[in-house]
Amino acid sequence: MGMVHYTSGRRNLTYEELIKSNATKPSKSFIPKSLLKLMLIRENELRISDEYQKRFHEAEQTSSSTSWLDVADELQRQVIREFHLDEEMNDALLCLRCATQIYPDLKDIPLYTKYNRARDGDLQVGDIAPDVPVIHLDEQENQLFDGLKSSPTVLITHAQDEWPISSARWSPTKMPIKYNQTRTIQERLTVAKDFIRDFNIEIPVVIDKPEENLFEKLYAPWPVRIYILDKDHRLIYKAQPSETMLQLKELTEYLASIK
């Protein structure tokens, strides 16, 4: 899973900014709310269109120097041109990207705000990590700490039926990773087993119970998170993604420091 941006067109957005995106907004919009709503609906139409899904896929090839964010930027510019606001492109882009901060009741329209589940969560370094029920690949339920090295799988970041980007950048098969959001144990087990097979995962993997998503609620792992616990289950490290991904150098340096 990869980091995402709340405007889905900006770069260099930190995880903290992603979570607290409502704190930053233009003082006003020169675009009427009714027109912004139509623009957001049109943006969604383009995002899920065959044309733009193909362009997302091409941008997310391993050999590509671009990313899906570059395509999203051009997509938003196309929306502005279609609504004849291109003479004020920069201001119109800001209004479009901050539409849900200007008008909070529009937040369920853009895919990238409706399905943005990123949050810091309540767990902080020094806290005792709570134990939660998880499901093993043999469908047996157990507690998380009974298999401490397990890696719970939770909600899909760019589910095909939510916020698709047709990315194959990190796919061993070189094909876009396309799954609908998992809502049952069987759906989640299928995705977990495919993940283990395709990425040759050797550590134990368990799944969060989909009817509760308790691990997701307590550990706030979406879209990606790494925790380190000591022998007493006390949280001693909490990874914070920055600029689209986790900084693994920071993680490895921390692990080396506690050996």
# chains A, B, ... in the order shown; residues from 1 in each chain; ligands from 1
>>> select_by_dssp(residues="segment 169-227 of chain A", states="strand (DSSP E)", output="PDB file with N, CA, C and O atoms, in the first residue's frame")
ATOM      1  N   VAL A 205       0.768 -13.854   8.253  1.00  0.00           N
ATOM      2  CA  VAL A 205      -0.195 -12.812   7.915  1.00  0.00           C
ATOM      3  C   VAL A 205      -1.550 -13.191   8.484  1.00  0.00           C
ATOM      4  O   VAL A 205      -1.986 -14.345   8.370  1.00  0.00           O
ATOM      5  N   VAL A 206      -2.203 -12.249   9.116  1.00  0.00           N
ATOM      6  CA  VAL A 206      -3.562 -12.452   9.618  1.00  0.00           C
ATOM      7  C   VAL A 206      -4.435 -11.326   9.098  1.00  0.00           C
ATOM      8  O   VAL A 206      -3.937 -10.345   8.556  1.00  0.00           O
ATOM      9  N   ILE A 207      -5.748 -11.452   9.249  1.00  0.00           N
ATOM     10  CA  ILE A 207      -6.641 -10.411   8.764  1.00  0.00           C
ATOM     11  C   ILE A 207      -7.485  -9.841   9.902  1.00  0.00           C
ATOM     12  O   ILE A 207      -7.791 -10.524  10.874  1.00  0.00           O
ATOM     13  N   ASP A 208      -7.821  -8.588   9.757  1.00  0.00           N
ATOM     14  CA  ASP A 208      -8.734  -7.914  10.672  1.00  0.00           C
ATOM     15  C   ASP A 208     -10.143  -8.433  10.410  1.00  0.00           C
ATOM     16  O   ASP A 208     -10.510  -8.697   9.253  1.00  0.00           O
ATOM     17  N   TYR A 227       4.617  -0.496  13.412  1.00  0.00           N
ATOM     18  CA  TYR A 227       4.827  -0.285  14.842  1.00  0.00           C
ATOM     19  C   TYR A 227       5.923  -1.227  15.326  1.00  0.00           C
ATOM     20  O   TYR A 227       6.087  -2.332  14.795  1.00  0.00           O
TER      21      TYR A 227
END
>>> select_by_dssp(residues="segment 12-231 of chain A", states="helix (DSSP H, G or I)", output="VMD selection string")
chain A and resid 15 to 19 21 to 23 33 to 47 50 to 59 68 to 82 86 to 97 99 to 102 104 to 106 111 to 114 144 to 147 185 to 199 214 to 219
>>> atom_distance(atom1="atom CA of Leu214 of chain A", atom2="atom CA of Ser171 of chain A")
28.0 Å
>>> atom_distance(atom1="atom CA of Ala99 of chain A", atom2="atom CA of Gln53 of chain A")
23.3 Å
>>> residues_around(residues="segment 180-197 of chain A", least_positions_apart="2", cutoff="10 Å", atoms="only C-alpha atoms", output="number ranges by chain")
A: 135-139, 152-164, 171-172, 177-178, 199-211, 213
>>> closest_residue(among="A:Ile80, A:Ala59, A:Val125, A:Ile102", to="Leu229 of chain A", atoms="only C-alpha atoms")
A:Val125
>>> closest_residue(among="A:Leu96, A:Glu88, A:Leu69, A:Ser29", to="Glu43 of chain A", atoms="only C-alpha atoms")
A:Leu96
>>> closest_residue(among="A:Ile128, A:Leu246, A:Val71, A:Ile165", to="Asp230 of chain A", atoms="only C-alpha atoms")
A:Ile128
>>> residues_around(residues="Met39 of chain A", least_positions_apart="6", cutoff="10 Å", atoms="only C-alpha atoms", output="number ranges by chain")
A: 33, 45, 76, 79-80, 82-83, 96, 99, 110
>>> write_last_selection(atoms="C-alpha atoms", output="short mmCIF file (atom, residue, chain, number, x, y, z; two decimals), in the first residue's frame")
data_model
loop_
_atom_site.label_atom_id
_atom_site.label_comp_id
_atom_site.auth_asym_id
_atom_site.auth_seq_id
_atom_site.Cartn_x
_atom_site.Cartn_y
_atom_site.Cartn_z
CA LYS A 33 -20.76 26.08 -4.65
CA GLU A 45 -16.38 10.55 -13.89
CA GLN A 76 -8.12 18.26 -12.72
CA VAL A 79 -12.08 19.62 -15.58
CA ILE A 80 -11.24 23.31 -15.27
CA GLU A 82 -14.24 21.94 -19.58
CA PHE A 83 -15.89 24.46 -17.27
CA LEU A 96 -11.30 22.54 -6.81
CA ALA A 99 -13.68 22.41 -2.31
CA PRO A 110 -14.64 13.42 -4.32
#
>>> residues_around(residues="Gln78 of chain A", least_positions_apart="6", cutoff="12 Å", atoms="only C-alpha atoms", output="PyMOL selection string")
chain A and resi 39-40+42-43+45-47+52+71-72+84-86+89+92-93+96
>>> closest_residue(among="A:Gly121, A:Pro130, A:Pro241, A:Pro221", to="Gln143 of chain A", atoms="only C-alpha atoms")
A:Pro130
>>> closest_residue(among="A:Phe145, A:Phe56, A:Tyr219, A:Tyr115", to="Lys231 of chain A", atoms="only C-alpha atoms")
A:Phe145
>>> closest_residue(among="A:Gln140, A:Tyr112, A:Pro133, A:Ala168", to="His57 of chain A", atoms="only C-alpha atoms")
A:Ala168
>>> residues_around(residues="Asp127 of chain A", least_positions_apart="2", cutoff="7 Å", atoms="only C-alpha atoms", output="list in words")
Leu123, Gln124, Val125, Ala129, Arg234 and Leu235 of chain A
